[in-house]
$ cat structure34.txt   # compact mmCIF, C-alpha atoms
# COMPACT_ATOMS: atom_id res chain seq x y z
CA MET Q 1 14.95 13.24 -24.01
CA LYS Q 2 15.22 9.46 -23.52
CA GLN Q 3 17.19 9.99 -20.30
CA THR Q 4 14.53 12.40 -19.03
CA TRP Q 5 11.78 9.84 -19.62
CA LEU Q 6 13.80 7.16 -17.85
CA THR Q 7 14.21 9.54 -14.90
CA VAL Q 8 10.46 10.23 -14.87
CA ILE Q 9 9.80 6.48 -14.81
CA LYS Q 10 12.14 6.26 -11.83
CA LEU Q 11 10.30 9.14 -10.13
CA LEU Q 12 7.01 7.28 -10.58
CA ARG Q 13 8.68 4.05 -9.32
CA TRP Q 14 7.53 2.21 -12.43
CA ASP Q 15 10.96 0.59 -12.43
CA LYS Q 16 9.97 -1.02 -9.12
CA PRO Q 17 6.47 -2.45 -9.70
CA ALA Q 18 6.12 -4.12 -6.28
CA GLY Q 19 5.08 -0.88 -4.59
CA ARG Q 20 2.54 -0.14 -7.31
CA LEU Q 21 1.03 -3.61 -7.22
CA ILE Q 22 0.73 -3.73 -3.45
CA LEU Q 23 -1.55 -0.65 -3.52
CA MET Q 24 -3.69 -2.24 -6.22
CA ILE Q 25 -4.22 -5.47 -4.27
CA PRO Q 26 -6.65 -4.22 -1.56
CA ALA Q 27 -8.64 -2.40 -4.24
CA LEU Q 28 -8.97 -5.67 -6.18
CA TRP Q 29 -9.78 -7.59 -2.99
CA ALA Q 30 -12.69 -5.24 -2.42
CA VAL Q 31 -14.05 -5.12 -5.96
CA PHE Q 32 -14.06 -8.91 -6.34
CA LEU Q 33 -15.42 -9.68 -2.87
CA ALA Q 34 -18.17 -7.06 -3.15
CA ALA Q 35 -19.20 -8.51 -6.52
CA SER Q 36 -19.02 -12.13 -5.26
CA GLY Q 37 -16.12 -12.86 -7.61
CA THR Q 38 -17.58 -11.45 -10.84
CA PRO Q 39 -17.30 -7.64 -11.02
CA PRO Q 40 -17.93 -5.83 -14.33
CA LEU Q 41 -14.75 -5.84 -16.40
CA PRO Q 42 -14.88 -2.06 -17.12
CA LEU Q 43 -14.99 -1.37 -13.38
CA VAL Q 44 -11.96 -3.61 -12.77
CA VAL Q 45 -10.06 -1.72 -15.49
CA VAL Q 46 -11.02 1.63 -13.91
CA ILE Q 47 -9.90 0.44 -10.47
CA ILE Q 48 -6.55 -0.74 -11.86
CA LEU Q 49 -5.92 2.46 -13.82
CA GLY Q 50 -7.03 4.59 -10.87
CA SER Q 51 -4.68 2.71 -8.54
CA ILE Q 52 -1.74 3.19 -10.91
CA ALA Q 53 -2.44 6.91 -11.29
CA THR Q 54 -2.95 7.44 -7.55
CA SER Q 55 0.19 5.52 -6.71
CA ALA Q 56 2.17 7.58 -9.22
CA ALA Q 57 0.89 10.81 -7.71
CA GLY Q 58 1.68 9.57 -4.21
CA CYS Q 59 5.27 8.75 -5.16
CA VAL Q 60 5.87 12.20 -6.62
CA ILE Q 61 4.25 13.97 -3.67
CA ASN Q 62 6.34 11.86 -1.28
CA ASP Q 63 9.54 12.78 -3.09
CA LEU Q 64 8.64 16.46 -3.17
CA TRP Q 65 8.20 16.42 0.60
CA ASP Q 66 11.43 14.48 1.13
CA ARG Q 67 13.72 15.97 -1.52
CA ASP Q 68 16.03 17.35 1.17
CA ILE Q 69 15.79 14.27 3.43
CA ASP Q 70 16.20 11.52 0.84
CA PRO Q 71 19.86 12.37 0.08
CA LEU Q 72 20.65 11.50 3.71
CA VAL Q 73 19.08 8.02 3.51
CA GLU Q 74 21.05 5.25 1.82
CA ARG Q 75 18.02 3.63 0.19
CA THR Q 76 16.60 6.86 -1.26
CA SER Q 77 19.69 8.95 -2.03
CA ASP Q 78 19.51 8.31 -5.79
CA ARG Q 79 15.86 9.28 -6.25
CA PRO Q 80 15.43 11.86 -9.04
CA LEU Q 81 14.49 14.79 -6.80
CA ALA Q 82 17.04 13.86 -4.15
CA SER Q 83 19.81 13.75 -6.73
CA ARG Q 84 18.42 16.87 -8.46
CA ALA Q 85 18.07 14.92 -11.72
CA LEU Q 86 14.60 16.47 -12.09
CA SER Q 87 13.35 19.91 -11.14
CA VAL Q 88 10.65 20.61 -8.57
CA LYS Q 89 8.63 22.39 -11.24
CA LEU Q 90 8.62 19.35 -13.51
CA ALA Q 91 7.74 17.06 -10.58
CA LEU Q 92 4.79 19.27 -9.66
CA GLY Q 93 3.55 19.05 -13.24
CA ILE Q 94 3.85 15.27 -13.22
CA ALA Q 95 1.98 15.06 -9.90
CA PHE Q 96 -0.81 17.23 -11.33
CA ILE Q 97 -1.10 15.02 -14.43
CA ALA Q 98 -1.20 11.85 -12.29
CA LEU Q 99 -3.91 13.30 -10.04
CA ALA Q 100 -5.85 14.43 -13.11
CA CYS Q 101 -5.71 10.89 -14.52
CA ALA Q 102 -6.93 9.52 -11.20
CA ALA Q 103 -9.76 12.08 -11.23
CA ILE Q 104 -10.80 11.03 -14.73
CA ALA Q 105 -11.02 7.42 -13.56
CA ALA Q 106 -12.99 8.53 -10.48
CA PHE Q 107 -15.65 10.19 -12.64
CA TYR Q 108 -16.65 6.71 -13.81
CA LEU Q 109 -17.62 5.80 -10.23
CA ASN Q 110 -20.83 6.47 -8.31
CA PRO Q 111 -21.20 9.55 -6.05
CA LEU Q 112 -20.19 7.77 -2.83
CA SER Q 113 -17.06 6.29 -4.39
CA PHE Q 114 -16.17 9.62 -5.98
CA SER Q 115 -16.56 11.37 -2.62
CA LEU Q 116 -14.24 8.82 -1.01
CA CYS Q 117 -11.69 9.47 -3.77
CA VAL Q 118 -11.80 13.17 -2.92
CA ALA Q 119 -11.50 12.42 0.82
CA ALA Q 120 -8.41 10.29 0.17
CA VAL Q 121 -6.47 13.12 -1.50
CA PRO Q 122 -5.60 15.10 1.68
CA VAL Q 123 -4.40 11.90 3.37
CA ILE Q 124 -2.17 11.08 0.39
CA ILE Q 125 -0.77 14.60 0.32
CA CYS Q 126 -0.18 14.82 4.09
CA TYR Q 127 1.27 11.34 4.65
CA PRO Q 128 4.89 12.22 3.76
CA GLY Q 129 4.82 15.08 6.26
CA ALA Q 130 3.55 12.83 9.06
CA LYS Q 131 7.01 11.43 9.74
CA ARG Q 132 8.06 14.87 10.94
CA PHE Q 133 5.61 15.03 13.85
CA PHE Q 134 3.59 11.79 14.19
CA PRO Q 135 5.30 8.86 15.97
CA VAL Q 136 3.77 6.17 13.71
CA PRO Q 137 3.52 7.70 10.21
CA GLN Q 138 2.98 4.24 8.75
CA LEU Q 139 -0.50 4.38 10.29
CA VAL Q 140 -1.30 7.38 8.09
CA LEU Q 141 -0.11 5.45 5.05
CA SER Q 142 -2.22 2.48 6.13
CA ILE Q 143 -5.32 4.66 6.33
CA ALA Q 144 -4.54 6.00 2.85
CA TRP Q 145 -4.24 2.38 1.65
CA GLY Q 146 -7.57 1.61 3.31
CA PHE Q 147 -9.35 4.09 1.07
CA ALA Q 148 -8.71 1.68 -1.81
CA VAL Q 149 -11.04 -0.80 -0.09
CA LEU Q 150 -13.76 1.74 0.66
CA ILE Q 151 -13.69 3.20 -2.86
CA SER Q 152 -13.71 -0.14 -4.65
CA TRP Q 153 -16.37 -1.78 -2.47
CA SER Q 154 -18.74 1.16 -2.73
CA ALA Q 155 -18.13 1.29 -6.49
CA VAL Q 156 -19.75 -2.15 -6.72
CA THR Q 157 -22.52 -1.89 -4.12
CA GLY Q 158 -23.11 1.85 -3.68
CA ASN Q 159 -22.72 1.50 0.10
CA LEU Q 160 -20.32 0.46 2.85
CA ALA Q 161 -21.36 -2.75 4.63
CA GLN Q 162 -20.00 -4.51 7.70
CA GLU Q 163 -17.81 -6.66 5.44
CA THR Q 164 -16.30 -3.51 3.97
CA TRP Q 165 -14.99 -2.42 7.34
CA LEU Q 166 -13.65 -5.89 8.08
CA LEU Q 167 -11.66 -5.80 4.85
CA TRP Q 168 -10.62 -2.22 5.60
CA GLY Q 169 -9.31 -3.27 9.01
CA ALA Q 170 -7.41 -6.20 7.51
CA THR Q 171 -5.88 -3.88 4.90
CA VAL Q 172 -4.82 -1.27 7.46
CA LEU Q 173 -3.17 -3.90 9.68
CA TRP Q 174 -1.51 -5.68 6.74
CA THR Q 175 -0.12 -2.36 5.50
CA LEU Q 176 1.14 -1.50 8.98
CA GLY Q 177 2.92 -4.84 8.99
CA PHE Q 178 4.71 -4.72 5.65
CA ASP Q 179 5.46 -1.00 5.85
CA THR Q 180 6.97 -1.38 9.30
CA VAL Q 181 9.24 -4.02 7.77
CA TYR Q 182 10.11 -1.53 5.03
CA ALA Q 183 10.87 1.13 7.66
CA MET Q 184 13.19 -1.23 9.53
CA SER Q 185 15.72 -0.97 6.70
CA ASP Q 186 15.90 2.83 7.16
CA ARG Q 187 15.88 2.88 10.96
CA GLU Q 188 19.51 3.98 11.45
CA ASP Q 189 19.28 6.78 8.87
CA ASP Q 190 15.91 7.97 10.19
CA LEU Q 191 17.31 8.20 13.71
CA LYS Q 192 20.20 10.35 12.48
CA ILE Q 193 17.88 12.65 10.53
CA GLY Q 194 15.34 12.90 13.33
CA VAL Q 195 12.21 11.65 11.54
CA ASN Q 196 9.70 9.15 12.91
CA SER Q 197 8.74 5.67 11.81
CA SER Q 198 6.91 2.70 13.26
CA ALA Q 199 10.20 0.78 13.27
CA ILE Q 200 11.67 3.43 15.60
CA PHE Q 201 8.49 3.69 17.68
CA PHE Q 202 8.38 -0.04 18.43
CA GLY Q 203 12.16 -0.24 18.79
CA LYS Q 204 13.40 -3.70 19.76
CA TYR Q 205 9.81 -4.94 19.59
CA ALA Q 206 9.38 -3.96 15.92
CA ALA Q 207 9.50 -7.56 14.71
CA ASP Q 208 6.94 -8.57 17.34
CA ALA Q 209 4.71 -5.67 16.30
CA VAL Q 210 4.85 -6.90 12.71
CA GLY Q 211 3.92 -10.37 13.94
CA VAL Q 212 0.91 -8.93 15.79
CA PHE Q 213 -0.19 -6.92 12.71
CA PHE Q 214 0.02 -9.95 10.43
CA SER Q 215 -1.73 -12.18 12.99
CA ALA Q 216 -4.58 -9.67 13.34
CA THR Q 217 -4.81 -9.41 9.54
CA ALA Q 218 -5.14 -13.19 9.28
CA ALA Q 219 -7.78 -13.27 12.04
CA ILE Q 220 -9.92 -10.57 10.43
CA LEU Q 221 -9.65 -12.20 7.00
CA ALA Q 222 -10.70 -15.52 8.55
CA TYR Q 223 -13.74 -13.87 10.15
CA LEU Q 224 -14.53 -12.21 6.82
CA GLY Q 225 -14.27 -15.58 5.07
CA ILE Q 226 -16.76 -17.09 7.52
CA PHE Q 227 -19.04 -14.05 7.29
CA ARG Q 228 -19.09 -14.21 3.48
CA GLU Q 229 -19.32 -18.03 3.50
CA LEU Q 230 -16.31 -18.32 1.20
CA ASN Q 231 -15.46 -21.83 0.03
CA LEU Q 232 -12.31 -23.98 0.14
CA GLY Q 233 -10.44 -21.88 -2.44
CA PHE Q 234 -10.25 -18.97 -0.03
CA TRP Q 235 -9.10 -21.09 2.89
CA LEU Q 236 -6.28 -22.61 0.86
CA ALA Q 237 -5.07 -19.13 -0.08
CA TRP Q 238 -5.50 -17.93 3.50
CA SER Q 239 -3.43 -20.85 4.80
CA ILE Q 240 -0.61 -20.06 2.36
CA ALA Q 241 -0.67 -16.41 3.44
CA VAL Q 242 -0.54 -17.34 7.12
CA LEU Q 243 2.42 -19.67 6.52
CA GLY Q 244 4.14 -16.90 4.57
CA TRP Q 245 3.63 -14.37 7.37
CA CYS Q 246 4.90 -16.85 9.95
CA TRP Q 247 8.04 -17.42 7.89
CA GLN Q 248 8.55 -13.68 7.54
CA TYR Q 249 8.19 -13.15 11.28
CA THR Q 250 10.73 -15.89 11.96
CA ARG Q 251 13.28 -14.18 9.70
CA LEU Q 252 12.64 -10.78 11.28
CA ARG Q 253 13.49 -12.26 14.67
CA THR Q 254 17.00 -13.18 13.46
CA ASP Q 255 19.68 -11.18 15.27
CA ASP Q 256 22.02 -10.77 12.29
CA ILE Q 257 19.34 -9.99 9.70
CA LEU Q 258 20.60 -8.43 6.45
CA LYS Q 259 18.98 -5.25 5.10
CA SER Q 260 18.15 -7.07 1.87
CA VAL Q 261 15.73 -9.29 3.82
CA TYR Q 262 13.47 -6.33 4.57
CA GLY Q 263 13.01 -5.60 0.87
CA ALA Q 264 12.50 -9.29 0.14
CA ILE Q 265 9.73 -9.54 2.74
CA PHE Q 266 8.04 -6.46 1.29
CA ARG Q 267 8.05 -8.07 -2.19
CA GLU Q 268 6.83 -11.38 -0.80
CA ASN Q 269 3.75 -9.60 0.52
CA VAL Q 270 2.86 -8.67 -3.05
CA TRP Q 271 2.72 -12.37 -3.91
CA LEU Q 272 0.80 -13.20 -0.74
CA GLY Q 273 -1.67 -10.42 -1.58
CA PHE Q 274 -2.28 -11.86 -5.04
CA ILE Q 275 -2.62 -15.37 -3.63
CA LEU Q 276 -5.30 -14.04 -1.28
CA LEU Q 277 -6.96 -12.29 -4.22
CA ALA Q 278 -7.10 -15.56 -6.14
CA GLY Q 279 -8.57 -17.21 -3.06
CA MET Q 280 -11.20 -14.50 -2.67
CA ILE Q 281 -12.22 -14.88 -6.32
CA GLY Q 282 -12.24 -18.67 -6.24
CA GLY Q 283 -13.84 -18.75 -2.81
CA SER Q 284 -16.71 -16.51 -3.94
CA LEU Q 285 -17.74 -18.53 -7.00

$ encode --input "structure34.txt" --output "structure tokens"
Amino acid sequence: MKQTWLTVIKLLRWDKPAGRLILMIPALWAVFLAASGTPPLPLVVVIILGSIATSAAGCVINDLWDRDIDPLVERTSDRPLASRALSVKLALGIAFIALACAAIAAFYLNPLSFSLCVAAVPVIICYPGAKRFFPVPQLVLSIAWGFAVLISWSAVTGNLAQETWLLWGATVLWTLGFDTVYAMSDREDDLKIGVNSSAIFFGKYAADAVGVFFSATAAILAYLGIFRELNLGFWLAWSIAVLGWCWQYTRLRTDDILKSVYGAIFRENVWLGFILLAGMIGGSL
């Protein structure tokens, strides 16, 4: 029984919290910015729990789609469904429970936010299949990530303002950047299997594409900071993030880059995201 639970934890990726946290970050950006730094604590708790449940469901759905592909990819070959450590039936049950938990959290939200939660579900379910026919599947993931902004912002204000779409755009571009980096580690395996990724689509310009995505993210966040009249705290955090992205781009341009660097850059973006969150909170007060 203990081994089964450990395998379930692995299926949900709770043994690798970076991927769970990075989904939560845009949701927290939105809820704190929309509330000028002081959102209701119960709403923050709901957003966090909803993000965890949604992320868990997304991981299981992804692995169900890819259970026959993952064994062919070095990074994913030991996932529970790929290695047949868990059954499809059990995974479907876990996905249903995770979606049910997310739905329970969504019922706390207002009608607009709840509707956006419902609209996000098809995108989450279809994303893993996008790599089979869409040249840049990371864009689909980025749009799914962007729903976190729309849901959280509308949960505070009951509407979607111009600032919401600025933050949404920054989130989509940021996600495109760090997930393209993530895809770069699988590029050789993906080419052999015949699935798509942004790393394959941009080819030798993948690092430059990441640089463009991060630069555009920084520009939109700067415009948002001016629009919201955020104070020095935000600009300090923004400067740290920009320096971090520049350093990441420099490493991606290295000819003999190690695969471990891609994972390191992905994890670094979690820290940069939280630094920006701290800046948004401090800059709003």

$ closest_residue --input "structure34.txt" --among "Q:Ile9, Q:Ala183, Q:Leu109, Q:Leu43" --to "Q:Cys59" --atoms "all atoms listed in the file"
Q:Ile9

$ residues_around --input "structure34.txt" --residues "stretch 30-33 of chain Q" --least-positions-apart "2" --cutoff "10 Å" --atoms "only C-alpha atoms" --output "PyMOL selection string"
chain Q and resi 25-28+35-40+43-44+47+148-157+163-164+167-168+225+228+230+277-278+280-284

$ closest_residue --input "structure34.txt" --among "Q:Val195, Q:Ile143, Q:Met184, Q:Ile94" --to "Q:Arg75" --atoms "only C-alpha atoms"
Q:Met184

$ closest_residue --input "structure34.txt" --among "Q:Ile48, Q:Ala264, Q:Val210, Q:Leu21" --to "Q:Gln138" --atoms "only C-alpha atoms"
Q:Val210

$ residues_around --input "structure34.txt" --residues "Q:Trp174" --least-positions-apart "4" --cutoff "9 Å" --atoms "only C-alpha atoms" --output "MDAnalysis selection string"
chainID Q and resid 142 169:170 178:179 210 213:214 216:218

$ residues_near_point --input "structure34.txt" --point "(-2.7, 12.6, -11.7)" --cutoff "12 Å" --atoms "only C-alpha atoms" --output "ChimeraX atom specification"
/Q:12,49-61,91-106,121

$ residues_near_point --input "structure34.txt" --point "(17.2, 13.7, -10.5)" --cutoff "10 Å" --atoms "only C-alpha atoms" --output "list in words"
Thr4, Thr7, Val8, Lys10, Leu11, Arg67, Asp78, Arg79, Pro80, Leu81, Ala82, Ser83, Arg84, Ala85, Leu86, Ser87 and Val88 of chain Q

$ atom_distance --input "structure34.txt" --atom1 "atom CA of Q:Phe234" --atom2 "atom CA of Q:Ser113"
26.5 Å

$ atom_distance --input "structure34.txt" --atom1 "atom CA of Q:Ile124" --atom2 "atom CA of Q:Val140"
8.6 Å

$ closest_residue --input "structure34.txt" --among "Q:Ala207, Q:Val181, Q:Leu90, Q:Ala161" --to "Q:Arg267" --atoms "all atoms listed in the file"
Q:Val181

$ closest_residue --input "structure34.txt" --among "Q:Thr180, Q:Leu160, Q:Ser215, Q:Trp165" --to "Q:Pro137" --atoms "only C-alpha atoms"
Q:Thr180

$ atom_distance --input "structure34.txt" --atom1 "atom CA of Q:Arg187" --atom2 "atom CA of Q:Pro71"
15.0 Å

$ residues_around --input "structure34.txt" --residues "Q:Glu188" --least-positions-apart "5" --cutoff "12 Å" --atoms "all atoms listed in the file" --output "list in words"
Leu72, Val73, Glu74, Arg75, Ala183, Ile193, Gly194, Val195, Asn196, Ser197, Ala199, Ile200, Gly203 and Lys259 of chain Q

$ write_last_selection --input "structure34.txt" --atoms "C-alpha atoms" --output "mmCIF file, keeping the file's coordinate frame"
data_model
loop_
_atom_site.group_PDB
_atom_site.id
_atom_site.type_symbol
_atom_site.label_atom_id
_atom_site.label_comp_id
_atom_site.auth_asym_id
_atom_site.auth_seq_id
_atom_site.Cartn_x
_atom_site.Cartn_y
_atom_site.Cartn_z
ATOM 1 C CA LEU Q 72 20.650 11.500 3.710
ATOM 2 C CA VAL Q 73 19.080 8.020 3.510
ATOM 3 C CA GLU Q 74 21.050 5.250 1.820
ATOM 4 C CA ARG Q 75 18.020 3.630 0.190
ATOM 5 C CA ALA Q 183 10.870 1.130 7.660
ATOM 6 C CA ILE Q 193 17.880 12.650 10.530
ATOM 7 C CA GLY Q 194 15.340 12.900 13.330
ATOM 8 C CA VAL Q 195 12.210 11.650 11.540
ATOM 9 C CA ASN Q 196 9.700 9.150 12.910
ATOM 10 C CA SER Q 197 8.740 5.670 11.810
ATOM 11 C CA ALA Q 199 10.200 0.780 13.270
ATOM 12 C CA ILE Q 200 11.670 3.430 15.600
ATOM 13 C CA GLY Q 203 12.160 -0.240 18.790
ATOM 14 C CA LYS Q 259 18.980 -5.250 5.100
#

$ decode --input "structure34.txt" --residues "stretch 88-125 of chain Q" --atoms "C-alpha atoms" --output "PDB file, in the first residue's frame"
ATOM      1  CA  VAL Q  88      -5.096   3.253 -16.574  1.00  0.00           C
ATOM      2  CA  LYS Q  89      -8.247   2.621 -14.559  1.00  0.00           C
ATOM      3  CA  LEU Q  90      -6.647   3.858 -11.345  1.00  0.00           C
ATOM      4  CA  ALA Q  91      -5.185   6.894 -13.134  1.00  0.00           C
ATOM      5  CA  LEU Q  92      -8.613   7.808 -14.510  1.00  0.00           C
ATOM      6  CA  GLY Q  93     -10.035   7.627 -10.995  1.00  0.00           C
ATOM      7  CA  ILE Q  94      -7.280   9.875  -9.663  1.00  0.00           C
ATOM      8  CA  ALA Q  95      -7.851  12.385 -12.475  1.00  0.00           C
ATOM      9  CA  PHE Q  96     -11.579  12.441 -11.678  1.00  0.00           C
ATOM     10  CA  ILE Q  97     -10.892  13.056  -7.973  1.00  0.00           C
ATOM     11  CA  ALA Q  98      -8.441  15.870  -8.785  1.00  0.00           C
ATOM     12  CA  LEU Q  99     -10.929  17.540 -11.143  1.00  0.00           C
ATOM     13  CA  ALA Q 100     -13.662  17.143  -8.522  1.00  0.00           C
ATOM     14  CA  CYS Q 101     -11.460  18.870  -5.933  1.00  0.00           C
ATOM     15  CA  ALA Q 102     -10.788  21.686  -8.394  1.00  0.00           C
ATOM     16  CA  ALA Q 103     -14.536  21.970  -9.028  1.00  0.00           C
ATOM     17  CA  ILE Q 104     -15.240  22.225  -5.299  1.00  0.00           C
ATOM     18  CA  ALA Q 105     -12.761  25.090  -5.051  1.00  0.00           C
ATOM     19  CA  ALA Q 106     -14.332  26.731  -8.111  1.00  0.00           C
ATOM     20  CA  PHE Q 107     -17.763  26.795  -6.458  1.00  0.00           C
ATOM     21  CA  TYR Q 108     -16.365  29.351  -4.012  1.00  0.00           C
ATOM     22  CA  LEU Q 109     -15.782  31.774  -6.899  1.00  0.00           C
ATOM     23  CA  ASN Q 110     -18.164  34.187  -8.613  1.00  0.00           C
ATOM     24  CA  PRO Q 111     -20.070  33.186 -11.793  1.00  0.00           C
ATOM     25  CA  LEU Q 112     -17.540  34.696 -14.219  1.00  0.00           C
ATOM     26  CA  SER Q 113     -14.597  32.979 -12.542  1.00  0.00           C
ATOM     27  CA  PHE Q 114     -16.493  29.703 -12.373  1.00  0.00           C
ATOM     28  CA  SER Q 115     -17.306  29.935 -16.086  1.00  0.00           C
ATOM     29  CA  LEU Q 116     -13.630  30.512 -16.862  1.00  0.00           C
ATOM     30  CA  CYS Q 117     -12.759  27.430 -14.794  1.00  0.00           C
ATOM     31  CA  VAL Q 118     -15.158  25.392 -16.927  1.00  0.00           C
ATOM     32  CA  ALA Q 119     -13.724  26.892 -20.137  1.00  0.00           C
ATOM     33  CA  ALA Q 120     -10.202  25.927 -19.061  1.00  0.00           C
ATOM     34  CA  VAL Q 121     -11.022  22.212 -18.729  1.00  0.00           C
ATOM     35  CA  PRO Q 122     -11.125  21.378 -22.488  1.00  0.00           C
ATOM     36  CA  VAL Q 123      -7.797  23.172 -22.998  1.00  0.00           C
ATOM     37  CA  ILE Q 124      -6.213  21.186 -20.155  1.00  0.00           C
ATOM     38  CA  ILE Q 125      -7.582  17.916 -21.511  1.00  0.00           C
TER      39      ILE Q 125
END
